[in-house]
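K.L.:
The structure that follows is given in the form of structure tokens.
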Amino acid sequence: MPLTGQPRPPLTRRQLLTRSTGLAGVFAGAGVLSACGSGATTAGDSTDGNSGAGNSGAGDSTAGGSGASPVATDAQINIAVATSERALIALYTATISAFAQLAPSLEPLLRQHEEHLAATGVEVPDPPAQNPPSNLSAAIAALRQAELIAALERRESCLLASDPDFVRTLTFIAASEASHVAALKTVGRNQ
Amino acid sequence: MNNQEALAAAVSGEDAAIYAYGVIGALLNAGARRRALEALRAHQSWRDRMAHLMPGDTAPAPGIAYDFPMQVIDAGTTRALAQLVENRLVVVYADLAATCEGEQRADAVLAASECATRAVIWGAPSQAFPHDASLT
């Protein structure tokens, strides 16, 4: 079975964001690896106390919070995520513009942030123009710092979100941005 | 998928990862082997943490052995297996995060982030929505 060969067409947003036909469906029955020994049992009954409601998630304003402090709704969290992604896109664009030799390494990461922004489904205003550091390694360090902060913010957002599908999407985005921090470690080494 | 099913999938996924990293560690040298052993310990820790969240003895038992979806014969295919295991676990933890709240959800998001990061360190391309692309 081909494993890491040529890139495959990316999943559509709908596939990614819809639990029934998205990644959960792709992996149904597949697990991480298939056990060929005995003893693998499944636990739990089928009482489903927390299944997805089958909506698109992100835009809903289901304030599921309790307690005294004001709780962000999913819609508010979604706008915050979109704003953050928009700022990351601007930083990557400015960095690629200043250091064209980094484009092959940085453009895939830029495109992934564009996918994150598209997943929010909301339009946010452009952030103010920003100039990346004039030194190449400082510019890469600035990107890493921005990704680190974004990954932490996304993890925080996950904890505040209510809709299960939205939580799932935010988990993927948090994981993606955490992995960008690692990816950026090898960028610019040969420049 | 309810929370118990998602936890069981996480335990089973971690068992598969632990098995895989035993093979991976045996096939790699020096620095890569050390990294594989660190990953193995991380997966053992998450396996225990997830199993602990399941009542009584309901956590699934590990398989005796696992089928790899490809032949693991050299450093390249070994790294590919590590990438596959990590990226598949990201999906398992994203599914889990959607079924729980609070500390358990925080754990699931952190575990997903760690797995996606390890996949990239093993050479996988980063993804907007990390998963095992060979299955799509």
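If you're wondering about the labels, chains in the structure tokens are A, B, ... by order shown, residues count from 1 in each chain, ligands from 1 in order shown.
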Please provide the set of residues having any atom within 8 Å of A:Ser179, restricted to only C-alpha atoms, with same-chain residues fewer than 5 positions apart removed, written as a compact mmCIF listing (two decimals) with C-alpha atoms, in the first residue's frame.

P.N.:
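result-v4.txt, written as the output of this step:
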# COMPACT_ATOMS: atom_id res chain seq x y z
CA SER B 113 -0.63 18.60 19.11
CA GLU B 114 2.22 16.38 20.30
CA ALA B 116 1.18 16.20 14.84
CA THR B 117 4.50 17.66 15.93
CA ARG B 118 6.19 14.26 16.08
CA ALA B 119 4.84 13.39 12.61
CA VAL B 120 6.55 16.49 11.21
CA SER B 126 2.72 19.64 7.91

K.L.:
Env of A:Ala150: 9 Å cut, atoms = only C-alpha atoms, seq-sep filter 4 positions within chain, self excluded. Answer as JSON, numbers by chain.

P.N.:
{"A": [81, 84, 85, 88, 145, 146, 154, 155, 174, 177, 178]}

K.L.:
I'd like to know which residues of stretch 7-136 of chain B are alpha helix (DSSP H) (by DSSP, run on the backbone); could you write them as a VMD selection string?

P.N.:
chain B and resid 7 to 27 30 to 52 75 to 97 102 to 121

K.L.:
Would you write out those residues with C-alpha atoms, as a PDB file, in the first residue's frame?

P.N.:
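Output (again_20.pdb):
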ATOM      1  CA  LEU B   7     -11.379   6.846  24.997  1.00  0.00           C
ATOM      2  CA  ALA B   8     -11.242   3.193  23.933  1.00  0.00           C
ATOM      3  CA  ALA B   9     -10.053   4.287  20.476  1.00  0.00           C
ATOM      4  CA  ALA B  10      -7.352   6.403  22.107  1.00  0.00           C
ATOM      5  CA  VAL B  11      -6.174   3.509  24.284  1.00  0.00           C
ATOM      6  CA  SER B  12      -6.131   1.146  21.286  1.00  0.00           C
ATOM      7  CA  GLY B  13      -4.371   3.734  19.151  1.00  0.00           C
ATOM      8  CA  GLU B  14      -1.719   4.259  21.792  1.00  0.00           C
ATOM      9  CA  ASP B  15      -1.239   0.487  22.108  1.00  0.00           C
ATOM     10  CA  ALA B  16      -0.685   0.322  18.358  1.00  0.00           C
ATOM     11  CA  ALA B  17       1.770   3.229  18.576  1.00  0.00           C
ATOM     12  CA  ILE B  18       3.672   1.548  21.414  1.00  0.00           C
ATOM     13  CA  TYR B  19       3.930  -1.636  19.371  1.00  0.00           C
ATOM     14  CA  ALA B  20       5.010   0.286  16.267  1.00  0.00           C
ATOM     15  CA  TYR B  21       7.662   2.250  18.120  1.00  0.00           C
ATOM     16  CA  GLY B  22       9.124  -0.976  19.458  1.00  0.00           C
ATOM     17  CA  VAL B  23       9.746  -1.988  15.855  1.00  0.00           C
ATOM     18  CA  ILE B  24      10.776   1.516  14.811  1.00  0.00           C
ATOM     19  CA  GLY B  25      13.326   1.785  17.616  1.00  0.00           C
ATOM     20  CA  ALA B  26      14.859  -1.532  16.643  1.00  0.00           C
ATOM     21  CA  LEU B  27      15.366  -0.418  13.041  1.00  0.00           C
ATOM     22  CA  ALA B  30      21.673   6.544  17.250  1.00  0.00           C
ATOM     23  CA  GLY B  31      19.756   9.830  17.428  1.00  0.00           C
ATOM     24  CA  ALA B  32      16.704   8.541  15.612  1.00  0.00           C
ATOM     25  CA  ARG B  33      16.516   5.560  17.955  1.00  0.00           C
ATOM     26  CA  ARG B  34      16.688   7.859  20.965  1.00  0.00           C
ATOM     27  CA  ARG B  35      13.875   9.930  19.490  1.00  0.00           C
ATOM     28  CA  ALA B  36      11.847   6.767  18.918  1.00  0.00           C
ATOM     29  CA  LEU B  37      12.324   5.749  22.536  1.00  0.00           C
ATOM     30  CA  GLU B  38      11.224   9.188  23.734  1.00  0.00           C
ATOM     31  CA  ALA B  39       8.119   8.864  21.567  1.00  0.00           C
ATOM     32  CA  LEU B  40       7.512   5.363  22.928  1.00  0.00           C
ATOM     33  CA  ARG B  41       7.599   6.680  26.494  1.00  0.00           C
ATOM     34  CA  ALA B  42       5.250   9.528  25.598  1.00  0.00           C
ATOM     35  CA  HIS B  43       2.762   7.079  24.067  1.00  0.00           C
ATOM     36  CA  GLN B  44       2.980   4.775  27.096  1.00  0.00           C
ATOM     37  CA  SER B  45       2.221   7.748  29.308  1.00  0.00           C
ATOM     38  CA  TRP B  46      -0.790   8.806  27.242  1.00  0.00           C
ATOM     39  CA  ARG B  47      -2.005   5.203  27.049  1.00  0.00           C
ATOM     40  CA  ASP B  48      -2.013   4.942  30.831  1.00  0.00           C
ATOM     41  CA  ARG B  49      -3.673   8.325  31.220  1.00  0.00           C
ATOM     42  CA  MET B  50      -6.461   7.445  28.793  1.00  0.00           C
ATOM     43  CA  ALA B  51      -6.999   3.962  30.260  1.00  0.00           C
ATOM     44  CA  HIS B  52      -7.232   5.514  33.726  1.00  0.00           C
ATOM     45  CA  ALA B  75      15.075   3.684   7.640  1.00  0.00           C
ATOM     46  CA  GLY B  76      12.762   5.310   5.095  1.00  0.00           C
ATOM     47  CA  THR B  77       9.827   2.970   5.620  1.00  0.00           C
ATOM     48  CA  THR B  78      10.452   3.029   9.362  1.00  0.00           C
ATOM     49  CA  ARG B  79      10.102   6.803   9.434  1.00  0.00           C
ATOM     50  CA  ALA B  80       7.022   6.510   7.225  1.00  0.00           C
ATOM     51  CA  LEU B  81       5.444   4.167   9.781  1.00  0.00           C
ATOM     52  CA  ALA B  82       6.177   6.645  12.579  1.00  0.00           C
ATOM     53  CA  GLN B  83       4.576   9.462  10.555  1.00  0.00           C
ATOM     54  CA  LEU B  84       1.512   7.317   9.845  1.00  0.00           C
ATOM     55  CA  VAL B  85       1.027   6.285  13.472  1.00  0.00           C
ATOM     56  CA  GLU B  86       1.343   9.869  14.706  1.00  0.00           C
ATOM     57  CA  ASN B  87      -0.946  11.385  12.078  1.00  0.00           C
ATOM     58  CA  ARG B  88      -3.630   8.744  12.678  1.00  0.00           C
ATOM     59  CA  LEU B  89      -3.525   9.461  16.396  1.00  0.00           C
ATOM     60  CA  VAL B  90      -4.162  13.162  15.756  1.00  0.00           C
ATOM     61  CA  VAL B  91      -7.559  12.166  14.357  1.00  0.00           C
ATOM     62  CA  VAL B  92      -8.236   9.819  17.272  1.00  0.00           C
ATOM     63  CA  TYR B  93      -7.568  12.641  19.756  1.00  0.00           C
ATOM     64  CA  ALA B  94      -9.582  15.192  17.761  1.00  0.00           C
ATOM     65  CA  ASP B  95     -12.503  12.760  17.915  1.00  0.00           C
ATOM     66  CA  LEU B  96     -11.948  12.404  21.662  1.00  0.00           C
ATOM     67  CA  ALA B  97     -11.772  16.178  22.216  1.00  0.00           C
ATOM     68  CA  GLY B 102     -12.419  20.392  30.806  1.00  0.00           C
ATOM     69  CA  GLU B 103      -9.225  18.585  31.713  1.00  0.00           C
ATOM     70  CA  GLN B 104      -9.901  15.588  29.495  1.00  0.00           C
ATOM     71  CA  ARG B 105     -10.453  17.834  26.489  1.00  0.00           C
ATOM     72  CA  ALA B 106      -7.274  19.764  27.327  1.00  0.00           C
ATOM     73  CA  ASP B 107      -5.403  16.447  27.410  1.00  0.00           C
ATOM     74  CA  ALA B 108      -6.855  15.392  24.061  1.00  0.00           C
ATOM     75  CA  VAL B 109      -5.864  18.669  22.384  1.00  0.00           C
ATOM     76  CA  LEU B 110      -2.376  18.512  23.858  1.00  0.00           C
ATOM     77  CA  ALA B 111      -1.943  14.887  22.779  1.00  0.00           C
ATOM     78  CA  ALA B 112      -3.131  15.739  19.250  1.00  0.00           C
ATOM     79  CA  SER B 113      -0.632  18.603  19.109  1.00  0.00           C
ATOM     80  CA  GLU B 114       2.215  16.383  20.299  1.00  0.00           C
ATOM     81  CA  CYS B 115       1.377  13.702  17.715  1.00  0.00           C
ATOM     82  CA  ALA B 116       1.181  16.197  14.836  1.00  0.00           C
ATOM     83  CA  THR B 117       4.498  17.663  15.934  1.00  0.00           C
ATOM     84  CA  ARG B 118       6.193  14.259  16.076  1.00  0.00           C
ATOM     85  CA  ALA B 119       4.844  13.391  12.611  1.00  0.00           C
ATOM     86  CA  VAL B 120       6.552  16.491  11.213  1.00  0.00           C
ATOM     87  CA  ILE B 121       9.766  15.770  13.110  1.00  0.00           C
TER      88      ILE B 121
END

K.L.:
Separation of atom CA of B:Thr99 and atom CA of A:Val124, in Å?

P.N.:
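Going from atom CA of B:Thr99 over to atom CA of A:Val124 covers 29.5 Å.
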
K.L.:
Write out as a VMD selection string the residues lying within 10 Å of A:Thr120, counting only C-alpha atoms and excluding same-chain residues fewer than 4 positions away.

P.N.:
chain A and resid 57 to 59 75 77 to 83 85 115 to 116 166 169 to 170

K.L.:
Would you compute the distance between atom CA of A:Gln130 and atom CA of A:Ala100? Give it in Å to one decimal.

P.N.:
16.7 Å

K.L.:
Could you tell me which of A:Leu33, A:Ala141, A:Ala118, A:Leu106 comes closest to chain B if we count only C-alpha atoms?

P.N.:
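For chain B, the nearest of the candidates is A:Leu33.
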
K.L.:
So the first atom is atom CA of A:Ala175 and the second is atom CA of A:Gln112; what is the distance between them in Å, to one decimal place?

P.N.:
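Interatomic distance, atom CA of A:Ala175 to atom CA of A:Gln112: 11.9 Å.
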